[in-house]
$ cat query16.cif   # mmCIF, C-alpha atoms and all ligand atoms
data_upload
loop_
_atom_site.label_atom_id
_atom_site.label_comp_id
_atom_site.auth_asym_id
_atom_site.auth_seq_id
_atom_site.Cartn_x
_atom_site.Cartn_y
_atom_site.Cartn_z
CA MET A 1 -10.11 -3.41 16.04
CA ASN A 2 -7.05 -1.22 15.64
CA LEU A 3 -4.91 -2.51 12.77
CA LEU A 4 -2.24 0.15 12.85
CA SER A 5 -1.38 2.94 15.19
CA ALA A 6 1.35 5.50 14.58
CA LYS A 7 2.29 7.94 17.33
CA ASN A 8 4.39 11.09 16.95
CA ILE A 9 6.41 9.94 13.96
CA SER A 10 9.18 12.27 12.84
CA HIS A 11 11.66 11.76 10.03
CA SER A 12 14.43 13.67 8.26
CA PHE A 13 16.70 12.94 5.35
CA ASP A 14 18.79 15.95 4.34
CA TYR A 15 16.14 18.13 5.97
CA GLU A 16 13.13 17.44 8.16
CA LEU A 17 10.28 15.87 6.17
CA PHE A 18 7.59 15.75 8.89
CA HIS A 19 7.17 15.69 12.65
CA ASN A 20 4.65 14.41 15.19
CA VAL A 21 2.62 12.45 12.69
CA SER A 22 -0.04 10.32 14.34
CA LEU A 23 -2.55 8.06 12.62
CA ASP A 24 -4.85 5.14 13.42
CA LEU A 25 -6.28 2.60 11.01
CA GLN A 26 -9.28 0.44 11.92
CA GLN A 27 -10.76 -2.61 10.24
CA LYS A 28 -12.81 -1.80 7.12
CA GLU A 29 -11.29 1.66 7.06
CA SER A 30 -9.54 3.37 4.16
CA ILE A 31 -7.26 6.36 4.63
CA ALA A 32 -5.79 8.51 1.86
CA ILE A 33 -2.68 10.65 2.16
CA ILE A 34 -2.25 13.51 -0.29
CA GLY A 35 0.36 16.26 -0.57
CA VAL A 36 2.67 17.86 -3.13
CA SER A 37 5.48 15.92 -4.75
CA GLY A 38 8.43 15.65 -2.38
CA SER A 39 6.39 16.27 0.79
CA GLY A 40 7.29 12.83 2.11
CA LYS A 41 4.21 10.69 1.37
CA SER A 42 6.13 7.67 0.11
CA THR A 43 8.58 7.97 2.99
CA LEU A 44 5.70 8.02 5.46
CA LEU A 45 4.17 4.94 3.79
CA HIS A 46 7.53 3.15 4.02
CA ILE A 47 7.61 3.97 7.74
CA LEU A 48 4.01 2.86 8.35
CA SER A 49 4.65 -0.42 6.52
CA THR A 50 7.83 -0.98 8.62
CA LEU A 51 10.19 -0.87 5.63
CA LEU A 52 11.89 2.16 7.16
CA THR A 53 12.53 2.98 10.82
CA PRO A 54 11.56 6.57 11.72
CA ASP A 55 13.92 8.92 13.56
CA SER A 56 11.40 9.02 16.39
CA GLY A 57 7.91 7.86 17.23
CA ALA A 58 6.26 4.47 17.54
CA ILE A 59 4.26 2.14 15.30
CA SER A 60 1.97 -0.62 16.51
CA LEU A 61 0.56 -3.32 14.27
CA PHE A 62 -2.47 -5.31 15.44
CA GLY A 63 -1.95 -4.00 18.96
CA ASN A 64 1.76 -4.80 19.27
CA ALA A 65 4.64 -2.31 19.23
CA VAL A 66 6.86 -2.94 16.20
CA SER A 67 9.96 -1.88 18.17
CA SER A 68 9.45 -4.73 20.65
CA MET A 69 8.90 -7.46 18.04
CA ASP A 70 11.73 -9.82 17.22
CA LYS A 71 12.81 -10.15 13.58
CA LYS A 72 11.04 -13.43 13.02
CA ARG A 73 7.69 -12.15 14.27
CA LEU A 74 7.94 -9.02 12.16
CA SER A 75 8.91 -11.00 9.04
CA LYS A 76 5.89 -13.23 9.51
CA ILE A 77 3.59 -10.21 9.82
CA LYS A 78 5.14 -8.66 6.71
CA ARG A 79 4.75 -11.86 4.75
CA ASP A 80 1.21 -12.74 5.83
CA ASP A 81 -0.54 -9.55 6.88
CA LEU A 82 0.89 -6.57 5.00
CA GLY A 83 0.18 -6.00 1.32
CA LEU A 84 2.38 -3.48 -0.47
CA VAL A 85 1.48 -1.93 -3.82
CA PHE A 86 4.23 0.51 -4.66
CA GLN A 87 5.12 2.83 -7.52
CA SER A 88 7.38 0.27 -9.19
CA HIS A 89 5.86 -3.17 -9.40
CA TYR A 90 8.59 -5.65 -8.45
CA LEU A 91 7.01 -8.48 -10.43
CA PHE A 92 9.35 -11.33 -11.39
CA LYS A 93 10.11 -10.36 -14.95
CA GLY A 94 11.11 -13.74 -16.40
CA PHE A 95 7.85 -15.36 -15.28
CA SER A 96 4.30 -15.26 -16.53
CA ALA A 97 1.72 -13.18 -14.70
CA TYR A 98 0.14 -16.37 -13.39
CA GLU A 99 3.46 -17.69 -12.07
CA ASN A 100 3.88 -14.43 -10.17
CA LEU A 101 0.52 -15.02 -8.49
CA GLU A 102 1.42 -18.64 -7.77
CA VAL A 103 4.50 -17.53 -5.84
CA ALA A 104 2.40 -15.15 -3.73
CA ALA A 105 -0.25 -17.80 -3.14
CA MET A 106 2.33 -20.37 -2.14
CA LEU A 107 4.20 -18.06 0.26
CA SER A 108 1.05 -17.09 2.12
CA ASN A 109 -0.73 -20.42 1.84
CA GLN A 110 -3.66 -19.00 -0.13
CA ARG A 111 -5.36 -19.81 -3.40
CA ILE A 112 -5.48 -17.77 -6.57
CA ASP A 113 -8.95 -16.30 -6.88
CA GLU A 114 -10.01 -16.64 -10.54
CA ASP A 115 -12.83 -14.24 -9.91
CA LEU A 116 -10.34 -11.57 -8.87
CA LEU A 117 -8.51 -11.98 -12.20
CA LYS A 118 -11.78 -11.42 -14.06
CA LYS A 119 -12.62 -8.39 -11.95
CA LEU A 120 -9.20 -6.90 -12.71
CA ASN A 121 -9.65 -7.82 -16.36
CA ILE A 122 -6.36 -9.72 -16.56
CA ASP A 123 -7.79 -13.24 -16.91
CA THR A 124 -7.12 -13.31 -20.65
CA VAL A 125 -3.47 -12.21 -20.42
CA ILE A 126 -2.54 -14.15 -17.30
CA GLU A 127 -0.39 -16.75 -19.12
CA GLN A 128 1.73 -14.08 -20.80
CA LYS A 129 5.20 -13.11 -19.60
CA VAL A 130 5.25 -9.99 -17.41
CA THR A 131 7.50 -8.24 -19.95
CA GLU A 132 4.84 -8.73 -22.63
CA LEU A 133 2.17 -6.89 -20.64
CA SER A 134 1.34 -3.21 -20.79
CA GLY A 135 2.21 -0.97 -17.82
CA GLY A 136 -1.39 -0.90 -16.66
CA GLN A 137 -1.72 -4.69 -17.00
CA GLN A 138 1.44 -5.14 -14.93
CA GLN A 139 0.02 -2.81 -12.32
CA ARG A 140 -3.18 -4.88 -12.14
CA VAL A 141 -1.16 -8.11 -11.86
CA SER A 142 0.71 -6.64 -8.91
CA ILE A 143 -2.61 -5.65 -7.33
CA ALA A 144 -3.88 -9.21 -7.90
CA ARG A 145 -0.69 -10.52 -6.35
CA VAL A 146 -1.13 -8.40 -3.24
CA LEU A 147 -4.80 -9.32 -2.81
CA THR A 148 -3.99 -13.02 -3.36
CA LYS A 149 -2.13 -13.11 -0.09
CA LYS A 150 -5.19 -11.75 1.74
CA PRO A 151 -3.41 -9.02 3.73
CA ARG A 152 -4.95 -7.35 6.77
CA ILE A 153 -3.49 -3.99 5.76
CA ILE A 154 -2.93 -2.72 2.22
CA PHE A 155 -0.34 0.02 1.70
CA ALA A 156 -0.71 1.48 -1.75
CA ASP A 157 1.44 4.19 -3.35
CA GLU A 158 -0.23 5.51 -6.52
CA PRO A 159 -1.58 2.01 -7.25
CA THR A 160 -3.63 3.25 -10.17
CA GLY A 161 -1.07 5.65 -11.64
CA ASN A 162 -0.83 3.74 -14.94
CA LEU A 163 -4.54 3.19 -15.37
CA ASP A 164 -7.23 5.06 -17.26
CA LYS A 165 -9.87 6.79 -15.16
CA LYS A 166 -12.52 4.11 -15.36
CA THR A 167 -10.13 1.24 -14.62
CA ALA A 168 -8.62 3.26 -11.75
CA HIS A 169 -12.05 3.71 -10.16
CA ASP A 170 -12.89 0.02 -10.69
CA VAL A 171 -9.64 -0.99 -9.02
CA MET A 172 -10.31 1.34 -6.09
CA ASP A 173 -13.78 -0.14 -5.68
CA LEU A 174 -12.19 -3.58 -5.61
CA PHE A 175 -9.87 -2.45 -2.78
CA PHE A 176 -12.83 -1.04 -0.83
CA GLU A 177 -14.82 -4.23 -1.33
CA TYR A 178 -11.84 -6.30 -0.22
CA CYS A 179 -11.36 -4.24 2.97
CA ASP A 180 -15.03 -4.49 3.78
CA GLN A 181 -15.32 -8.23 3.23
CA SER A 182 -11.99 -9.22 4.75
CA LEU A 183 -12.06 -6.79 7.70
CA ALA A 184 -8.86 -5.27 6.35
CA GLY A 185 -7.74 -1.64 6.12
CA MET A 186 -6.00 0.44 3.49
CA ILE A 187 -3.63 3.40 3.46
CA LEU A 188 -3.48 4.98 0.03
CA VAL A 189 -1.04 7.61 -1.21
CA THR A 190 -2.19 9.45 -4.29
CA HIS A 191 -2.12 12.70 -6.22
CA ASP A 192 -5.62 12.02 -7.49
CA GLU A 193 -7.92 13.92 -5.12
CA ILE A 194 -11.08 12.34 -6.52
CA LEU A 195 -9.76 8.88 -5.70
CA ALA A 196 -8.45 10.10 -2.33
CA PHE A 197 -11.85 11.46 -1.32
CA LYS A 198 -13.45 8.07 -2.00
CA CYS A 199 -11.62 6.95 1.16
CA GLN A 200 -13.25 7.37 4.56
CA LYS A 201 -10.52 9.66 5.86
CA VAL A 202 -8.16 11.96 3.99
CA TYR A 203 -4.96 13.50 5.35
CA LYS A 204 -2.65 16.01 3.76
CA LEU A 205 1.10 16.25 4.32
CA GLU A 206 1.75 19.96 4.39
CA ASN A 207 4.26 22.18 6.20
CA LYS A 208 5.82 19.05 7.72
CA GLU A 209 2.58 18.05 9.39
CA LEU A 210 -0.15 15.55 8.65
CA ILE A 211 -3.47 17.38 8.69
CA ARG A 212 -6.87 15.71 8.50
CA VAL A 213 -8.89 17.19 5.63
CA LYS A 214 -11.80 14.72 5.61
N1 LIG A 301 16.34 7.15 0.90
C1 LIG A 301 16.40 8.48 0.84
N2 LIG A 301 17.54 9.14 1.10
C2 LIG A 301 17.61 10.49 1.05
N3 LIG A 301 16.55 11.28 0.74
C3 LIG A 301 15.40 10.68 0.45
C4 LIG A 301 15.24 9.25 0.48
N4 LIG A 301 13.97 8.93 0.16
C5 LIG A 301 13.34 10.11 -0.07
N5 LIG A 301 14.20 11.16 0.11
C6 LIG A 301 13.86 12.58 -0.03
O1 LIG A 301 12.74 12.86 0.79
C7 LIG A 301 11.84 13.76 0.13
C8 LIG A 301 10.45 13.16 0.10
O2 LIG A 301 10.43 12.03 -0.75
P1 LIG A 301 9.14 11.13 -0.93
O3 LIG A 301 9.47 10.10 -1.93
O4 LIG A 301 8.70 10.65 0.40
O5 LIG A 301 8.10 12.20 -1.48
P2 LIG A 301 6.62 12.01 -2.06
O6 LIG A 301 5.72 12.91 -1.28
O7 LIG A 301 6.28 10.57 -2.09
O8 LIG A 301 6.77 12.58 -3.53
P3 LIG A 301 6.04 12.10 -4.92
O9 LIG A 301 4.65 12.64 -4.83
O10 LIG A 301 6.85 12.78 -5.97
O11 LIG A 301 6.09 10.60 -5.00
C9 LIG A 301 12.45 14.02 -1.24
O12 LIG A 301 13.11 15.27 -1.19
C10 LIG A 301 13.43 12.89 -1.44
O13 LIG A 301 14.54 13.29 -2.18
MG MG A 302 6.04 9.18 -3.69
#
$ encode --input "query16.cif" --output "structure tokens"
Amino acid sequence: MNLLSAKNISHSFDYELFHNVSLDLQQKESIAIIGVSGSGKSTLLHILSTLLTPDSGAISLFGNAVSSMDKKRLSKIKRDDLGLVFQSHYLFKGFSAYENLEVAAMLSNQRIDEDLLKKLNIDTVIEQKVTELSGGQQQRVSIARVLTKKPRIIFADEPTGNLDKKTAHDVMDLFFEYCDQSLAGMILVTHDEILAFKCQKVYKLENKELIRVK
């Protein structure tokens, strides 16, 4: 099944970032987007995840055009089906890590998966306040938070940027396992080509175009 389809997306800020970008994401599929700093990867991810409306082009989610959805429908999809892991974590700072997961679980009517906390190696620090955690621990809590809601599509922008190599690869494997088991898909933006090439497809943003390189 087609989870996401983007057709002929173009976008400019002060200058044109990219044009005619098209992309399809299927269940169990992972796609990486690479490209030099400033090429527009994060902007493209914001567009694909419907946080930003492109200058032109169309996005469909689960077979429905985003432009024809009313606000309520789109909010529900964002809340239940889209999981965003972005460069800054947006955890609730005054709360413990566990309380952050409880909020996510409550909003999406899911349970906290204790096994997931062990796999991410945050089970022993989960009662601590977010501000008392290291950058990499915070990053893993935000990954746990996103997976707790059981999204159908994961959008991840450098999700492992604060992690050591081994932990980064473990986290990526967890994403792949999740997509496989939950029939979900992932779009990953990263500078790490080794991690990128672990995905089934790899695209590069270059000269304002999205080119398939794997
Ligand atoms: N909201 C905005 N308003 C104006 N310009 C913006 C905005 N967001 C991004 N830009 C510009 O668009 C360009 C691409 O930014 P973007 O964050 O998409 O790049 P990137 O490929 O993700 O880079 P990096 O690898 O450094 O994260 C940059 O020149 C940036 O200044
Ligand atoms: Mg970026």
$ closest_residue --input "query16.cif" --among "A:Arg73, A:His191, A:Lys7, A:Arg111" --to "ligand MG 302 (chain A)" --atoms "only C-alpha atoms and all ligand atoms"
A:His191
$ residues_around --input "query16.cif" --residues "Leu23 (chain A)" --least-positions-apart "4" --cutoff "8 Å" --atoms "all atoms listed in the file" --output "CSV table (one decimal) with C-alpha atoms, in the frame of the given file"
chain,number,residue,atom,x,y,z
A,4,LEU,CA,-2.2,0.2,12.8
A,5,SER,CA,-1.4,2.9,15.2
A,6,ALA,CA,1.4,5.5,14.6
A,7,LYS,CA,2.3,7.9,17.3
$ closest_residue --input "query16.cif" --among "A:Thr160, A:Asn100, A:Ser37, A:Asn2" --to "ligand MG 302 (chain A)" --atoms "only C-alpha atoms and all ligand atoms"
A:Ser37
$ residues_near_ligand --input "query16.cif" --ligand "ligand LIG 301 (chain A)" --cutoff "9 Å" --atoms "all atoms listed in the file" --output "VMD selection string"
chain A and resid 12 to 17 34 to 46 87 157 to 158 189 to 191 205
$ residues_around --input "query16.cif" --residues "Leu82 (chain A)" --least-positions-apart "6" --cutoff "7 Å" --atoms "all atoms listed in the file" --output "CSV table (one decimal) with C-alpha atoms, in the frame of the given file"
chain,number,residue,atom,x,y,z
A,151,PRO,CA,-3.4,-9.0,3.7
A,152,ARG,CA,-5.0,-7.4,6.8
A,153,ILE,CA,-3.5,-4.0,5.8
A,154,ILE,CA,-2.9,-2.7,2.2
$ closest_residue --input "query16.cif" --among "A:Glu132, A:Gln139, A:Ser30, A:Phe86" --to "ligand MG 302 (chain A)" --atoms "all atoms listed in the file"
A:Phe86
$ closest_residue --input "query16.cif" --among "A:Ile126, A:Asn121, A:Lys71, A:Leu188" --to "ligand MG 302 (chain A)" --atoms "only C-alpha atoms and all ligand atoms"
A:Leu188
$ atom_distance --input "query16.cif" --atom1 "CA of Phe155 (chain A)" --atom2 "CA of Ser142 (chain A)"
12.6 Å
